[in-house]
2 protein chains.
Amino acid sequence: LAELLVKYPNKFIGAVACLPLNDIDMALKETERAIGQLGLKGIQVFASVYGEQLDDPKFKPLYEKMSKYDLPIWIHPSSDDTLDEPVFGWPFSTTWAMKSLVSAGIFSDYPTIKIITHHCGSLAPYFEGRIRWLYPQGFKMDDPGRTRVEHFSKFYADTALYGTVSALMCGYDFFGADHLLFGTDSPSGPQYGLTGETIRSIEHMNIPDTDKEKIFNQNAVKLLKMAI
Amino acid sequence: LAELLVKYPNKFIGAVACLPLNDIDMALKETERAIGQLGLKGIQVFASVYGEQLDDPKFKPLYEKMSKYDLPIWIHPSSDDTLDEPVFGWPFSTTWAMKSLVSAGIFSDYPTIKIITHHCGSLAPYFEGRIRWLYPQGFKMDDPGRTRVEHFSKFYADTALYGTVSALMCGYDFFGADHLLFGTDSPSGPQYGLTGETIRSIEHMNIPDTDKEKIFNQNAVKLLKMAI
């Protein structure tokens with residue numbers, strides 16, 4: 001990826017590293033190499049690692065490191081658990097990772113950490129009410145005090161919902177204009193992916209043009225510290 | 001429940017039967033008793049039955065019977081599987097039941113069947129794009145031809161999202177005004193439930209008043225064959 005950035009500077013403006021999270025020491029070293037030496041713009045992790053959740057304490061040094069770099073962590077769904085089904089199961093794995101990170105207090109420990117969730121925050125926006133009202137009751141929760149809707153909306157989210165305007169609006173209401181980033185999930189979908197549908201759905205959102213500019217451009221420029 | 005309807009006719013306008021689905025023969029008999037003798041207005045099933053999915057062929061006589069009565073089946077989340085977590089896991093179980101019924105071809109076999117899903121159709125509206133674009137690709141699907149977004153929107157859905165207007169709008173776009181019914185999930189939530197929040201969220205939807213009247217009233221009158 002780093003080579004492609006050098007070779008095609010007019011096509012690619014950045015890349016992120018996919019980490020070997022089954023070995024946290026190697027993952028930390030690869031993070032330093034990718035960001036410090038190769039100039040990559042962040043890291044990608046999977047929603048779970050061979051069944052281990054992202055709130056496992058051994059991953060904390062990675063969150064601390066990314067907090068110091070002040071560069072984002074992308075969470076991609078995992079398919080290593082019982083919910084290996086693409087339409088609903090994969091987004092669920094992202095949601096589960098979000099829940100594990102929130103209830104472990106990641107936004108208390110690292111208040112400026114930037115975590116970008118796939119598929120527009122997966123289940124969180126649609127079930128905003130359940131998060132808001134059920135978690136504080138402590139119903140089946142280990143630590144009800146930490147799992148609050150205000151923490152879930154600290155995540156960032158991409159627009160990869162394949163063109164559904166009202167779902168995007170729901171995600172926008174949940175995360176806000178500053179936490180929504182253009183993303184397509186390409187090449188998922190028929191033939192060449194759903195990039196066109198995704199662009200059109202953002203254009204059809206009933207929000208100010210200045211917010212669309214944030215989603216298409218400015219939020220990424222800011223998060224990835226790009227000079228344009 | 002039938003006794004309460006007789007005793008308090010000004011408080012309760014209808015009730016439905018909860019079925020012993022672990023015994024389909026008993027469940028069919030109880031359906032006949034509840035609807036034929038007691039005058040109840042439909043049945044409620046759980047999203048799975050001790051790990052068995054609702055597309056198990058043994059449940060088909062029940063769908064046929066309810067199709068003939070032309071009265072609704074309510075699906076409530078189940079908590080008998082690995083996803084026994086209230087905020088995200090329970091809605092997921094509803095979604096899984098919807099998927100199993102659609103891919104088994106229930107809306108082809110029983111075109112007029114009425115199935116009401118809890119929590120505003122659970123994951124389906126937010127992931128409309130994934131249903132639309134991924135299932136027809138046949139990716140990890142047994143029968144891609146049958147699992148189409150047009151079938152998912154044949155379900156009915158309640159408004160039990162605990163007050164999130166943009167999520168309701170997403171559900172409205174997916175199911176349409178004729179398939180959305182007032183429902184609260186009471187007494188879930190703090191103290192006396194979230195009925196007030198649910199009513200307010202419907203009132204704040206940016207839709208015609210005639211559609212709100214359908215959601216609050218007319219759709220239920222029609223589905224439950226109530227004379228008012």
# chains A, B, ... in the order shown; residues from 1 in each chain; ligands from 1

call {"tool": "interface_residues", "arguments": {"of": "chain A", "to": "chain B", "cutoff": "8 Å", "atoms": "only C-alpha atoms", "output": "PyMOL selection string"}}
result
chain A and resi 85-88+92+95+123+125-131+133-135+137+139-140+161-164+166-167+169-170+173+188-190

call {"tool": "closest_atom_pairs", "arguments": {"of": "stretch 88-122 of chain B", "to": "stretch 219-227 of chain B", "cutoff": "12 Å", "atoms": "only C-alpha atoms", "output": "tab-separated table"}}
result
residue	atom	partner	partner_atom	distance
B:Thr112	CA	B:Leu223	CA	11.4
B:Ile113	CA	B:Leu223	CA	10.8
B:Lys114	CA	B:Leu223	CA	8.1
B:Ile115	CA	B:Leu223	CA	10.3
B:Ile116	CA	B:Leu223	CA	10.2

call {"tool": "atom_distance", "arguments": {"atom1": "atom CA of A:Phe175", "atom2": "atom CA of A:Pro111"}}
result
16.0 Å

call {"tool": "select_by_dssp", "arguments": {"residues": "stretch 41-146 of chain B", "states": "strand (DSSP E)", "output": "list in words"}}
result
Ile43, Gln44, Val45, Phe46, Ser48, Val49, Glu52, Gln53, Ile73, Trp74, Ile75, His76, Ile115, Ile116 and Thr117 of chain B

call {"tool": "closest_residue", "arguments": {"among": "A:Gln218, A:Ser108, A:Ser78, A:Thr94", "to": "A:Ala157", "atoms": "only C-alpha atoms"}}
result
A:Thr94

call {"tool": "atom_distance", "arguments": {"atom1": "atom CA of B:Leu4", "atom2": "atom CA of B:Lys214"}}
result
26.5 Å

call {"tool": "residues_around", "arguments": {"residues": "stretch 35-48 of chain A", "least_positions_apart": "3", "cutoff": "10 Å", "atoms": "only C-alpha atoms", "output": "PyMOL selection string"}}
result
chain A and resi 1-3+5+13-21+27+30-32+51-56+62+66+69-81+90-98+100+114-117+223-226
